[in-house]
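Below: target_38.cif (mmCIF, C-alpha atoms and all ligand atoms)
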data_target
loop_
_atom_site.label_atom_id
_atom_site.label_comp_id
_atom_site.auth_asym_id
_atom_site.auth_seq_id
_atom_site.Cartn_x
_atom_site.Cartn_y
_atom_site.Cartn_z
CA MET G 1 -7.73 -25.67 4.39
CA ARG G 2 -10.37 -23.10 3.45
CA ALA G 3 -9.20 -20.36 1.10
CA ILE G 4 -10.68 -17.68 -1.13
CA VAL G 5 -9.48 -18.50 -4.63
CA TYR G 6 -9.74 -16.78 -8.04
CA GLU G 7 -8.59 -17.96 -11.44
CA ARG G 8 -9.46 -14.99 -13.64
CA TYR G 9 -9.42 -11.23 -13.25
CA GLY G 10 -12.75 -9.61 -12.45
CA GLY G 11 -14.92 -8.25 -9.66
CA PRO G 12 -15.58 -9.86 -6.25
CA GLU G 13 -17.92 -12.36 -8.00
CA VAL G 14 -14.92 -14.27 -9.42
CA LEU G 15 -13.80 -15.21 -5.88
CA GLU G 16 -14.75 -18.66 -4.52
CA LEU G 17 -14.41 -20.26 -1.10
CA ARG G 18 -12.67 -23.63 -1.69
CA ASP G 19 -10.85 -26.41 0.12
CA VAL G 20 -7.23 -26.44 -1.05
CA PRO G 21 -4.06 -28.19 0.19
CA ILE G 22 -2.10 -26.50 3.01
CA PRO G 23 1.09 -25.06 1.42
CA SER G 24 4.55 -26.26 2.56
CA PRO G 25 7.23 -23.77 3.55
CA GLY G 26 10.36 -23.82 1.39
CA ARG G 27 13.85 -22.73 2.37
CA GLY G 28 13.80 -19.55 4.44
CA GLN G 29 9.99 -19.66 4.70
CA VAL G 30 7.54 -20.35 7.53
CA LEU G 31 3.99 -21.69 7.52
CA ILE G 32 1.63 -19.37 9.40
CA GLU G 33 -1.81 -20.16 10.78
CA VAL G 34 -3.56 -16.94 9.72
CA VAL G 35 -5.52 -15.11 12.40
CA ALA G 36 -6.15 -11.82 10.53
CA THR G 37 -5.46 -10.35 7.11
CA SER G 38 -6.06 -6.72 6.25
CA ILE G 39 -7.15 -5.49 2.84
CA ASN G 40 -5.04 -3.15 0.75
CA LEU G 41 -5.87 -1.37 -2.48
CA SER G 42 -3.25 -3.70 -4.02
CA ASP G 43 -5.67 -6.64 -3.35
CA TRP G 44 -8.43 -4.84 -5.24
CA GLU G 45 -6.00 -4.04 -8.06
CA GLY G 46 -4.79 -7.68 -8.12
CA LEU G 47 -8.41 -8.91 -8.25
CA HIS G 48 -9.22 -6.73 -11.26
CA GLY G 49 -5.82 -6.95 -12.94
CA SER G 50 -5.97 -3.18 -13.20
CA PRO G 51 -4.02 -0.86 -13.37
CA GLY G 52 -1.77 -2.74 -15.80
CA TYR G 53 1.08 -3.10 -13.28
CA ALA G 54 -1.21 -5.39 -11.23
CA ARG G 55 -0.71 -8.01 -14.01
CA ILE G 56 3.08 -8.18 -13.64
CA GLY G 57 3.88 -11.93 -13.74
CA GLY G 58 0.30 -12.82 -14.77
CA LEU G 59 -0.70 -11.01 -17.95
CA PHE G 60 -3.81 -13.11 -18.79
CA ARG G 61 -4.47 -14.99 -15.52
CA PRO G 62 -3.57 -14.18 -11.92
CA ALA G 63 -0.10 -15.45 -11.05
CA ARG G 64 -1.21 -16.06 -7.43
CA GLN G 65 -4.67 -17.53 -6.97
CA ILE G 66 -5.11 -16.47 -3.35
CA LEU G 67 -4.90 -12.74 -2.60
CA GLY G 68 -4.16 -11.15 0.78
CA SER G 69 -0.69 -9.87 1.64
CA ASP G 70 -0.88 -8.20 5.08
CA VAL G 71 -1.06 -11.13 7.50
CA ALA G 72 -0.88 -11.69 11.25
CA GLY G 73 -0.87 -15.15 12.79
CA ARG G 74 1.10 -17.95 14.48
CA VAL G 75 4.05 -19.87 13.06
CA VAL G 76 3.12 -23.56 12.78
CA SER G 77 6.08 -24.99 10.86
CA LEU G 78 9.49 -23.94 9.60
CA GLY G 79 11.23 -24.43 6.27
CA GLU G 80 14.92 -25.26 6.09
CA GLY G 81 17.32 -22.55 7.22
CA VAL G 82 14.81 -20.47 9.21
CA THR G 83 16.64 -18.87 12.13
CA ARG G 84 14.53 -15.93 13.35
CA PHE G 85 11.31 -17.71 14.31
CA ALA G 86 10.13 -20.80 16.19
CA VAL G 87 6.87 -22.75 16.10
CA GLY G 88 4.25 -20.87 18.15
CA ASP G 89 5.66 -17.37 17.55
CA GLU G 90 3.12 -14.65 16.84
CA VAL G 91 4.16 -12.77 13.70
CA PHE G 92 2.94 -10.13 11.24
CA GLY G 93 4.14 -8.85 7.89
CA ASP G 94 3.43 -7.93 4.27
CA ASN G 95 3.61 -11.06 2.08
CA LEU G 96 3.36 -9.04 -1.13
CA ALA G 97 5.57 -11.38 -3.19
CA LEU G 98 3.66 -14.61 -2.38
CA MET G 99 0.24 -13.31 -1.21
CA GLY G 100 -2.15 -16.06 0.08
CA GLY G 101 -3.49 -14.39 3.24
CA PHE G 102 -7.18 -15.01 2.46
CA ALA G 103 -6.77 -18.58 3.72
CA GLU G 104 -6.39 -20.53 6.94
CA TYR G 105 -2.65 -21.03 6.35
CA VAL G 106 -0.08 -19.07 4.37
CA VAL G 107 3.60 -19.50 3.55
CA ALA G 108 5.77 -16.39 3.92
CA PRO G 109 9.52 -15.72 3.81
CA GLU G 110 10.86 -15.09 7.30
CA SER G 111 12.49 -11.91 5.95
CA ALA G 112 8.99 -10.38 5.46
CA LEU G 113 7.95 -10.97 9.07
CA ALA G 114 8.41 -9.42 12.50
CA PRO G 115 7.32 -10.60 15.95
CA LYS G 116 3.81 -9.27 16.68
CA PRO G 117 3.88 -6.81 19.60
CA SER G 118 1.83 -8.37 22.40
CA ALA G 119 0.06 -5.02 22.99
CA LEU G 120 -1.52 -5.19 19.53
CA THR G 121 -4.34 -7.56 18.60
CA PHE G 122 -3.88 -9.73 15.51
CA ALA G 123 -6.44 -7.53 13.74
CA GLU G 124 -4.53 -4.34 14.59
CA ALA G 125 -1.16 -5.84 13.66
CA SER G 126 -2.50 -6.98 10.27
CA THR G 127 -3.33 -3.39 9.30
CA ILE G 128 0.20 -2.03 9.67
CA PRO G 129 2.79 -3.70 7.39
CA GLN G 130 1.94 -2.34 3.93
CA ALA G 131 0.08 0.83 4.86
CA GLY G 132 2.53 1.70 7.65
CA ALA G 133 5.54 1.27 5.36
CA ILE G 134 3.99 3.50 2.70
CA ALA G 135 2.96 6.13 5.24
CA SER G 136 6.27 6.36 7.07
CA GLN G 137 8.32 6.60 3.85
CA ALA G 138 6.09 9.34 2.49
CA VAL G 139 6.16 11.32 5.74
CA ALA G 140 9.96 11.02 5.85
CA LEU G 141 9.95 13.43 2.86
CA ALA G 142 8.13 16.16 4.83
CA GLU G 143 9.87 18.76 6.99
CA PRO G 144 8.33 19.94 10.29
CA GLY G 145 6.35 23.13 9.63
CA SER G 146 6.00 22.41 5.90
CA ARG G 147 2.72 22.05 4.00
CA MET G 148 1.82 18.55 2.85
CA LEU G 149 -1.18 17.39 0.82
CA VAL G 150 -2.27 13.73 0.85
CA ASN G 151 -4.63 12.61 -1.92
CA GLY G 152 -6.63 9.46 -1.05
CA ALA G 153 -6.05 10.20 2.64
CA GLY G 154 -9.09 8.40 4.07
CA GLY G 155 -7.95 4.87 3.24
CA GLY G 156 -5.39 2.53 4.79
CA SER G 157 -2.07 4.27 4.07
CA GLY G 158 -3.56 7.74 4.27
CA SER G 159 -4.99 7.28 7.77
CA PHE G 160 -1.52 6.39 9.07
CA MET G 161 0.11 9.11 6.93
CA VAL G 162 -2.02 11.94 8.29
CA GLN G 163 -1.29 10.93 11.89
CA LEU G 164 2.47 10.46 11.33
CA ALA G 165 2.71 13.81 9.54
CA LYS G 166 0.84 15.63 12.31
CA SER G 167 3.07 14.08 14.98
CA LYS G 168 6.05 15.50 13.03
CA GLY G 169 4.59 19.02 13.07
CA VAL G 170 3.60 19.08 9.40
CA HIS G 171 0.58 21.14 8.20
CA VAL G 172 -1.64 18.54 6.50
CA THR G 173 -4.31 18.98 3.83
CA ALA G 174 -6.17 15.69 3.36
CA VAL G 175 -8.19 14.92 0.22
CA ASP G 176 -10.88 12.24 -0.11
CA ASN G 177 -14.62 11.94 -0.70
CA ALA G 178 -17.07 13.98 1.40
CA GLY G 179 -18.04 10.98 3.57
CA LYS G 180 -14.47 10.73 4.90
CA LEU G 181 -13.77 14.38 5.74
CA ASP G 182 -14.93 14.24 9.39
CA PHE G 183 -12.79 11.13 9.84
CA LEU G 184 -9.79 13.00 8.38
CA ARG G 185 -10.34 15.92 10.74
CA SER G 186 -10.49 13.46 13.64
CA LEU G 187 -7.06 12.15 12.58
CA GLY G 188 -5.69 15.68 12.90
CA ALA G 189 -5.84 17.00 9.32
CA ASP G 190 -5.62 20.81 9.33
CA GLU G 191 -7.60 21.17 6.12
CA VAL G 192 -9.76 18.75 4.17
CA ILE G 193 -10.87 18.72 0.54
CA ASP G 194 -13.70 16.74 -1.09
CA TYR G 195 -12.16 15.59 -4.36
CA ARG G 196 -15.56 15.41 -6.03
CA ARG G 197 -16.07 19.16 -5.53
CA VAL G 198 -12.62 20.75 -5.51
CA ASP G 199 -9.62 20.13 -7.76
CA PHE G 200 -6.73 20.06 -5.28
CA THR G 201 -4.22 20.91 -8.00
CA ARG G 202 -5.82 24.38 -8.06
CA THR G 203 -5.15 24.84 -4.33
CA GLY G 204 -1.88 25.19 -2.47
CA PRO G 205 0.99 25.75 -2.90
CA TYR G 206 2.29 22.66 -1.08
CA ASP G 207 5.85 21.69 -0.22
CA LEU G 208 4.97 18.00 -0.57
CA ILE G 209 2.14 16.27 -2.42
CA VAL G 210 1.65 12.52 -1.89
CA ASP G 211 -0.90 10.92 -4.21
CA LEU G 212 -2.08 7.39 -3.37
CA VAL G 213 -4.57 7.23 -6.25
CA ALA G 214 -2.87 9.37 -8.88
CA HIS G 215 -4.56 10.21 -12.16
CA ARG G 216 -3.55 13.84 -12.83
CA SER G 217 -1.06 15.23 -15.34
CA VAL G 218 2.45 16.14 -14.21
CA PHE G 219 1.67 19.76 -15.12
CA ALA G 220 -1.33 19.81 -12.76
CA TYR G 221 0.80 18.49 -9.89
CA ARG G 222 3.52 21.05 -10.67
CA ARG G 223 0.94 23.85 -10.55
CA ALA G 224 0.08 22.98 -6.93
CA LEU G 225 3.70 22.80 -5.73
CA ALA G 226 5.68 25.51 -3.98
CA ALA G 227 9.04 26.51 -5.47
CA ARG G 228 11.39 23.50 -5.01
CA GLY G 229 8.40 21.46 -3.83
CA ARG G 230 8.12 17.69 -4.26
CA CYS G 231 5.33 15.48 -5.56
CA VAL G 232 5.42 11.69 -5.23
CA ILE G 233 2.79 9.29 -6.46
CA VAL G 234 2.42 5.94 -4.72
CA GLY G 235 -0.30 4.28 -6.80
CA GLY G 236 -2.69 5.28 -9.57
CA THR G 237 -3.39 4.77 -13.23
CA SER G 238 -0.65 3.19 -15.37
CA ARG G 239 -0.71 6.25 -17.60
CA THR G 240 -0.03 8.60 -14.67
CA VAL G 241 2.74 6.37 -13.31
CA LEU G 242 4.36 6.24 -16.76
CA ARG G 243 4.16 9.99 -17.21
CA MET G 244 5.50 10.63 -13.73
CA VAL G 245 8.63 8.53 -14.32
CA THR G 246 9.27 9.95 -17.81
CA VAL G 247 8.00 13.54 -18.05
CA GLY G 248 8.15 14.15 -14.27
CA PRO G 249 11.96 14.32 -13.90
CA LEU G 250 12.25 16.50 -17.05
CA LEU G 251 9.64 18.96 -15.81
CA GLY G 252 11.37 18.90 -12.44
CA MET G 253 14.73 19.81 -14.02
CA LEU G 254 13.15 22.73 -15.87
CA THR G 255 11.20 24.10 -12.91
CA GLY G 256 13.27 23.23 -9.83
CA ALA G 257 10.58 20.89 -8.45
CA HIS G 258 10.84 17.13 -7.81
CA LEU G 259 8.21 14.88 -9.38
CA GLY G 260 8.39 11.10 -9.26
CA LEU G 261 7.21 7.72 -8.06
CA LEU G 262 7.72 6.63 -4.45
CA ILE G 263 9.09 3.09 -4.56
CA VAL G 264 8.23 1.79 -1.14
CA ARG G 265 10.73 -0.40 0.70
CA GLU G 266 8.94 -3.36 2.25
CA GLY G 267 9.87 -5.47 5.22
CA PRO G 268 10.09 -5.30 9.01
CA ALA G 269 12.54 -2.37 9.07
CA ALA G 270 9.92 -0.32 7.20
CA PHE G 271 6.84 -1.17 9.29
CA THR G 272 7.97 -2.02 12.82
CA PRO G 273 8.63 1.67 13.73
CA VAL G 274 4.97 2.40 12.91
CA ALA G 275 3.84 -0.60 14.99
CA GLU G 276 5.92 0.77 17.88
CA GLN G 277 4.15 4.12 17.56
CA CYS G 278 0.81 2.31 17.63
CA VAL G 279 1.87 0.49 20.80
CA GLY G 280 3.06 3.79 22.32
CA GLY G 281 -0.28 5.46 21.57
CA GLY G 282 1.12 8.14 19.23
CA VAL G 283 -0.69 6.57 16.28
CA THR G 284 -4.11 4.89 16.35
CA VAL G 285 -5.12 1.94 14.17
CA HIS G 286 -8.51 2.66 12.57
CA ILE G 287 -10.38 -0.52 11.68
CA ASP G 288 -13.56 0.30 9.81
CA ARG G 289 -15.05 -3.22 9.71
CA VAL G 290 -14.09 -6.83 10.35
CA PHE G 291 -15.37 -9.54 7.95
CA GLY G 292 -15.10 -13.36 8.15
CA LEU G 293 -13.04 -15.46 5.69
CA ASP G 294 -16.18 -16.48 3.78
CA GLU G 295 -17.02 -12.77 3.43
CA VAL G 296 -13.83 -11.76 1.58
CA PRO G 297 -15.81 -10.81 -1.59
CA GLU G 298 -17.97 -8.44 0.51
CA ALA G 299 -14.89 -7.13 2.33
CA LEU G 300 -13.10 -6.38 -0.93
CA ALA G 301 -16.19 -4.69 -2.35
CA TRP G 302 -16.61 -2.61 0.81
CA HIS G 303 -13.02 -1.45 0.58
CA GLY G 304 -12.77 -1.21 -3.21
CA GLU G 305 -15.93 0.85 -3.55
CA GLY G 306 -14.39 3.40 -1.23
CA ARG G 307 -16.72 3.01 1.75
CA ALA G 308 -14.08 2.15 4.35
CA LEU G 309 -12.67 4.70 6.77
CA GLY G 310 -9.13 3.49 7.41
CA LYS G 311 -8.57 -0.28 7.25
CA VAL G 312 -10.77 -3.33 6.62
CA VAL G 313 -9.81 -6.62 8.30
CA VAL G 314 -10.63 -10.24 7.48
CA ALA G 315 -10.75 -12.34 10.66
CA VAL G 316 -9.69 -15.89 9.84
CA GLY G 317 -9.24 -16.92 13.48
CA GLU G 318 -9.98 -15.33 16.88
CA VAL G 319 -8.70 -11.75 16.35
N1 LIG F 401 4.81 2.51 -4.89
C1 LIG F 401 4.91 1.39 -4.20
O1 LIG F 401 6.02 0.87 -3.99
C2 LIG F 401 3.67 0.73 -3.64
C3 LIG F 401 3.75 -0.37 -2.77
C4 LIG F 401 2.56 -0.90 -2.26
C5 LIG F 401 1.33 -0.35 -2.61
N2 LIG F 401 1.31 0.71 -3.48
C6 LIG F 401 0.06 1.41 -3.88
O2 LIG F 401 -0.21 2.32 -2.84
C7 LIG F 401 -1.59 2.62 -2.85
C8 LIG F 401 -2.04 2.45 -1.40
O3 LIG F 401 -3.33 2.76 -1.26
P1 LIG F 401 -4.14 2.37 0.07
O4 LIG F 401 -3.98 0.91 0.36
O5 LIG F 401 -3.89 3.37 1.12
O6 LIG F 401 -5.57 2.59 -0.58
P2 LIG F 401 -7.01 2.68 0.06
O7 LIG F 401 -7.04 2.16 1.44
O8 LIG F 401 -7.93 2.07 -0.96
O9 LIG F 401 -7.23 4.26 0.09
C9 LIG F 401 -7.38 5.02 -1.08
C10 LIG F 401 -8.32 6.17 -0.77
O10 LIG F 401 -8.38 7.00 -1.93
C11 LIG F 401 -9.74 7.43 -2.13
N3 LIG F 401 -9.91 7.79 -3.51
C12 LIG F 401 -10.31 7.05 -4.56
N4 LIG F 401 -10.32 7.79 -5.68
C13 LIG F 401 -9.90 9.02 -5.35
C14 LIG F 401 -9.69 10.22 -6.07
N5 LIG F 401 -9.92 10.29 -7.38
N6 LIG F 401 -9.24 11.28 -5.41
C15 LIG F 401 -9.00 11.24 -4.08
N7 LIG F 401 -9.19 10.12 -3.32
C16 LIG F 401 -9.64 9.03 -3.96
C17 LIG F 401 -10.54 6.21 -1.69
O11 LIG F 401 -11.87 6.55 -1.32
P3 LIG F 401 -13.09 6.59 -2.39
O12 LIG F 401 -12.87 5.47 -3.37
O13 LIG F 401 -14.32 6.48 -1.59
O14 LIG F 401 -13.04 7.92 -3.02
C18 LIG F 401 -9.75 5.76 -0.45
O15 LIG F 401 -10.18 6.44 0.71
C19 LIG F 401 -2.22 1.65 -3.83
O16 LIG F 401 -2.45 2.31 -5.05
C20 LIG F 401 -1.16 0.57 -4.03
O17 LIG F 401 -1.19 -0.04 -5.30
C21 LIG F 401 2.44 1.27 -3.97
#

Show the structure stored in the file as structure tokens.
Amino acid sequence: MRAIVYERYGGPEVLELRDVPIPSPGRGQVLIEVVATSINLSDWEGLHGSPGYARIGGLFRPARQILGSDVAGRVVSLGEGVTRFAVGDEVFGDNLALMGGFAEYVVAPESALAPKPSALTFAEASTIPQAGAIASQAVALAEPGSRMLVNGAGGGSGSFMVQLAKSKGVHVTAVDNAGKLDFLRSLGADEVIDYRRVDFTRTGPYDLIVDLVAHRSVFAYRRALAARGRCVIVGGTSRTVLRMVTVGPLLGMLTGAHLGLLIVREGPAAFTPVAEQCVGGGVTVHIDRVFGLDEVPEALAWHGEGRALGKVVVAVGEV
């Protein structure tokens, strides 16, 4: 099968299109013919091996040589003990543990997958599992009528997050670069901030801050919070993550705020409710661009350099 492979950390230039053996599903796993894979920041982080947590399990060399975790496709064979799926089923899910979606076939545990809603295209379905799970768990922390700020709002998770928060009656301030602010307004954001011009930690106060690309000090986040407000970071620099899980709770105890890391639960229970909202029309999937399998390096660069509005999709089959 054709696959995009890398053997060392680096930029998109370390990726190569190669012919590799089709993997075999083990116990509890299925083999999927990939139709679409969407790109997440975690792919870019896994490519570069940065931040440091992207090297867990592969300190010097990538543990998995094929990236791509959000997949949608058709089941073509079953490993032992698979009970939820049959050959021919259309499925989607986040294969974060095994990766491998930038290929014609991928093996995934059945526990990571859900039946693809027929009303969604493969491309649309592939955008939802990781970003939808992050977005819905962050928005679950917001109360209707409260003030929420999302930093990094113009990307994959943020574009779902803004819409889910608005549908819950939350007042949303969305932060990203200037080129994404009209897009954020179109998603329903009440206020927008260009992070290159305004330091959002000097605005507010907010009841909830969700940072997808965190690199600020815990004191800066605290400054922007309302009394008893909450700040959760989802991704960001290793230093910020470390500070948030060590100094964050202490500062929270002293000031009555809550500061910490959002550990996102993966799996169908986390993302199928978002897919249902997409089918129902309450949430729109925003696909910025679709690339072919041989264009994965360009697709990752497009996404990683921050040019994408919403999600970027790699079409492996007919999406
Ligand atoms: N905690 C968990 O359990 C868990 C699980 C899965 C994934 N994650 C993490 O969750 C995050 C998900 O991100 P995603 O896939 O939504 O990312 P994404 O699609 O890349 O979106 C990130 C957005 O942030 C913007 N941005 C970059 N630097 C910024 C800055 N300094 N200030 C404000 N905005 C900035 C980017 O645009 P520009 O670059 O153009 O500015 C982009 O629009 C990743 O960090 C991933 O590692 C966490």

Taking all atoms listed in the file into account, produce a table as CSV in which each residue of chain G with an atom at most 7 Å from an atom of ligand LIG 401 (chain F) appears once, together with its shortest atom pair and the distance in Å to one decimal, ordered by chain and rising number.
residue,atom,partner,partner_atom,distance
G:Asn40,CA,F:LIG401,O4,4.2
G:Leu41,CA,F:LIG401,O4,4.1
G:Ser42,CA,F:LIG401,O17,4.4
G:Glu45,CA,F:LIG401,O17,6.8
G:Gln130,CA,F:LIG401,C4,6.4
G:Ala131,CA,F:LIG401,O5,6.0
G:Ile134,CA,F:LIG401,C3,6.7
G:Asn151,CA,F:LIG401,C15,5.1
G:Gly152,CA,F:LIG401,O10,3.1
G:Ala153,CA,F:LIG401,C10,5.7
G:Gly154,CA,F:LIG401,O15,4.0
G:Gly155,CA,F:LIG401,O9,3.3
G:Gly156,CA,F:LIG401,O7,3.8
G:Ser157,CA,F:LIG401,O5,3.6
G:Gly158,CA,F:LIG401,O5,5.4
G:Val175,CA,F:LIG401,C15,5.7
G:Asp176,CA,F:LIG401,N7,4.2
G:Asn177,CA,F:LIG401,O14,4.9
G:Tyr195,CA,F:LIG401,N6,5.3
G:Leu212,CA,F:LIG401,C7,4.8
G:Val213,CA,F:LIG401,O16,5.5
G:Val234,CA,F:LIG401,N1,4.2
G:Gly235,CA,F:LIG401,O16,3.4
G:Gly236,CA,F:LIG401,O16,5.4
G:Leu261,CA,F:LIG401,N1,6.6
G:Leu262,CA,F:LIG401,N1,5.1
G:Ile263,CA,F:LIG401,O1,3.8
G:Val264,CA,F:LIG401,O1,3.7
G:Arg265,CA,F:LIG401,O1,6.8
G:His303,CA,F:LIG401,O8,6.4
G:Gly304,CA,F:LIG401,O8,6.3
G:Glu305,CA,F:LIG401,O12,5.5
G:Gly306,CA,F:LIG401,O13,3.1
G:Arg307,CA,F:LIG401,O13,5.4
G:Ala308,CA,F:LIG401,O15,6.8
G:Leu309,CA,F:LIG401,O15,6.8
G:Gly310,CA,F:LIG401,O7,6.5
G:Lys311,CA,F:LIG401,O7,6.5

List every protein, DNA or RNA residue that has an atom no more than 10 Å from (-10.7, -21.1, -0.5) in the file's coordinate frame, counting all atoms listed in the file, and report them as number ranges by chain.
-> G: 1-6, 15-21, 65-66, 100, 102-104, 293-294

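What separates atom CA of Gly169 of chain G from atom CA of Asp194 of chain G is a distance of 23.2 Å.
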
Give me the residues within 6 Å of Gln29 of chain G as JSON, numbers by chain, counting only C-alpha atoms and dropping any in the same chain fewer than 6 places off.
-> {"G": [79, 108, 109, 110]}

How would the residues just picked look written out with C-alpha atoms as an mmCIF file, in the frame of the given file?
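New file again26.cif:
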data_model
loop_
_atom_site.group_PDB
_atom_site.id
_atom_site.type_symbol
_atom_site.label_atom_id
_atom_site.label_comp_id
_atom_site.auth_asym_id
_atom_site.auth_seq_id
_atom_site.Cartn_x
_atom_site.Cartn_y
_atom_site.Cartn_z
ATOM 1 C CA GLY G 79 11.230 -24.430 6.270
ATOM 2 C CA ALA G 108 5.770 -16.390 3.920
ATOM 3 C CA PRO G 109 9.520 -15.720 3.810
ATOM 4 C CA GLU G 110 10.860 -15.090 7.300
#

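Minimum atom-to-atom distances from G:Pro51, G:Gly188, G:Gly46, G:Gly101 to Gly68 of chain G were compared using all atoms listed in the file, and the lowest value belongs to G:Gly101.
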
Would you mind putting N, CA and C atoms back on segment 8-27 of chain G and writing the result as a PDB file, in the coordinates of the input?
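Saved as result-v9.pdb:
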ATOM      1  N   ARG G   8      -9.442 -15.981 -12.560  1.00  0.00           N
ATOM      2  CA  ARG G   8      -9.460 -14.990 -13.640  1.00  0.00           C
ATOM      3  C   ARG G   8      -9.694 -13.617 -13.039  1.00  0.00           C
ATOM      4  N   TYR G   9      -9.226 -12.589 -13.737  1.00  0.00           N
ATOM      5  CA  TYR G   9      -9.420 -11.230 -13.250  1.00  0.00           C
ATOM      6  C   TYR G   9     -10.887 -10.844 -13.358  1.00  0.00           C
ATOM      7  N   GLY G  10     -11.354 -10.041 -12.411  1.00  0.00           N
ATOM      8  CA  GLY G  10     -12.750  -9.610 -12.450  1.00  0.00           C
ATOM      9  C   GLY G  10     -13.130  -8.936 -11.141  1.00  0.00           C
ATOM     10  N   GLY G  11     -14.432  -8.848 -10.900  1.00  0.00           N
ATOM     11  CA  GLY G  11     -14.920  -8.250  -9.660  1.00  0.00           C
ATOM     12  C   GLY G  11     -14.974  -9.291  -8.558  1.00  0.00           C
ATOM     13  N   PRO G  12     -15.515  -8.920  -7.380  1.00  0.00           N
ATOM     14  CA  PRO G  12     -15.580  -9.860  -6.250  1.00  0.00           C
ATOM     15  C   PRO G  12     -16.316 -11.159  -6.593  1.00  0.00           C
ATOM     16  N   GLU G  13     -17.165 -11.159  -7.651  1.00  0.00           N
ATOM     17  CA  GLU G  13     -17.920 -12.360  -8.000  1.00  0.00           C
ATOM     18  C   GLU G  13     -17.041 -13.486  -8.545  1.00  0.00           C
ATOM     19  N   VAL G  14     -15.790 -13.184  -8.913  1.00  0.00           N
ATOM     20  CA  VAL G  14     -14.920 -14.270  -9.420  1.00  0.00           C
ATOM     21  C   VAL G  14     -14.224 -15.022  -8.277  1.00  0.00           C
ATOM     22  N   LEU G  15     -14.443 -14.561  -7.040  1.00  0.00           N
ATOM     23  CA  LEU G  15     -13.800 -15.210  -5.880  1.00  0.00           C
ATOM     24  C   LEU G  15     -14.663 -16.375  -5.397  1.00  0.00           C
ATOM     25  N   GLU G  16     -14.000 -17.489  -5.021  1.00  0.00           N
ATOM     26  CA  GLU G  16     -14.750 -18.660  -4.520  1.00  0.00           C
ATOM     27  C   GLU G  16     -14.093 -19.176  -3.260  1.00  0.00           C
ATOM     28  N   LEU G  17     -14.929 -19.590  -2.305  1.00  0.00           N
ATOM     29  CA  LEU G  17     -14.410 -20.260  -1.100  1.00  0.00           C
ATOM     30  C   LEU G  17     -14.208 -21.735  -1.462  1.00  0.00           C
ATOM     31  N   ARG G  18     -12.950 -22.236  -1.295  1.00  0.00           N
ATOM     32  CA  ARG G  18     -12.670 -23.630  -1.690  1.00  0.00           C
ATOM     33  C   ARG G  18     -11.818 -24.307  -0.626  1.00  0.00           C
ATOM     34  N   ASP G  19     -11.800 -25.637  -0.681  1.00  0.00           N
ATOM     35  CA  ASP G  19     -10.850 -26.410   0.120  1.00  0.00           C
ATOM     36  C   ASP G  19      -9.628 -26.675  -0.734  1.00  0.00           C
ATOM     37  N   VAL G  20      -8.466 -26.254  -0.272  1.00  0.00           N
ATOM     38  CA  VAL G  20      -7.230 -26.440  -1.050  1.00  0.00           C
ATOM     39  C   VAL G  20      -6.161 -27.016  -0.117  1.00  0.00           C
ATOM     40  N   PRO G  21      -5.115 -27.625  -0.671  1.00  0.00           N
ATOM     41  CA  PRO G  21      -4.060 -28.190   0.190  1.00  0.00           C
ATOM     42  C   PRO G  21      -3.336 -27.092   0.986  1.00  0.00           C
ATOM     43  N   ILE G  22      -2.911 -27.433   2.210  1.00  0.00           N
ATOM     44  CA  ILE G  22      -2.100 -26.500   3.010  1.00  0.00           C
ATOM     45  C   ILE G  22      -0.725 -26.400   2.343  1.00  0.00           C
ATOM     46  N   PRO G  23      -0.222 -25.168   2.087  1.00  0.00           N
ATOM     47  CA  PRO G  23       1.090 -25.060   1.420  1.00  0.00           C
ATOM     48  C   PRO G  23       2.234 -25.491   2.350  1.00  0.00           C
ATOM     49  N   SER G  24       3.378 -25.863   1.759  1.00  0.00           N
ATOM     50  CA  SER G  24       4.550 -26.260   2.560  1.00  0.00           C
ATOM     51  C   SER G  24       5.590 -25.162   2.482  1.00  0.00           C
ATOM     52  N   PRO G  25       6.205 -24.823   3.603  1.00  0.00           N
ATOM     53  CA  PRO G  25       7.230 -23.770   3.550  1.00  0.00           C
ATOM     54  C   PRO G  25       8.507 -24.284   2.894  1.00  0.00           C
ATOM     55  N   GLY G  26       9.076 -23.485   2.007  1.00  0.00           N
ATOM     56  CA  GLY G  26      10.360 -23.820   1.390  1.00  0.00           C
ATOM     57  C   GLY G  26      11.496 -23.245   2.218  1.00  0.00           C
ATOM     58  N   ARG G  27      12.678 -23.246   1.648  1.00  0.00           N
ATOM     59  CA  ARG G  27      13.850 -22.730   2.370  1.00  0.00           C
ATOM     60  C   ARG G  27      13.637 -21.258   2.738  1.00  0.00           C
TER      61      ARG G  27
END
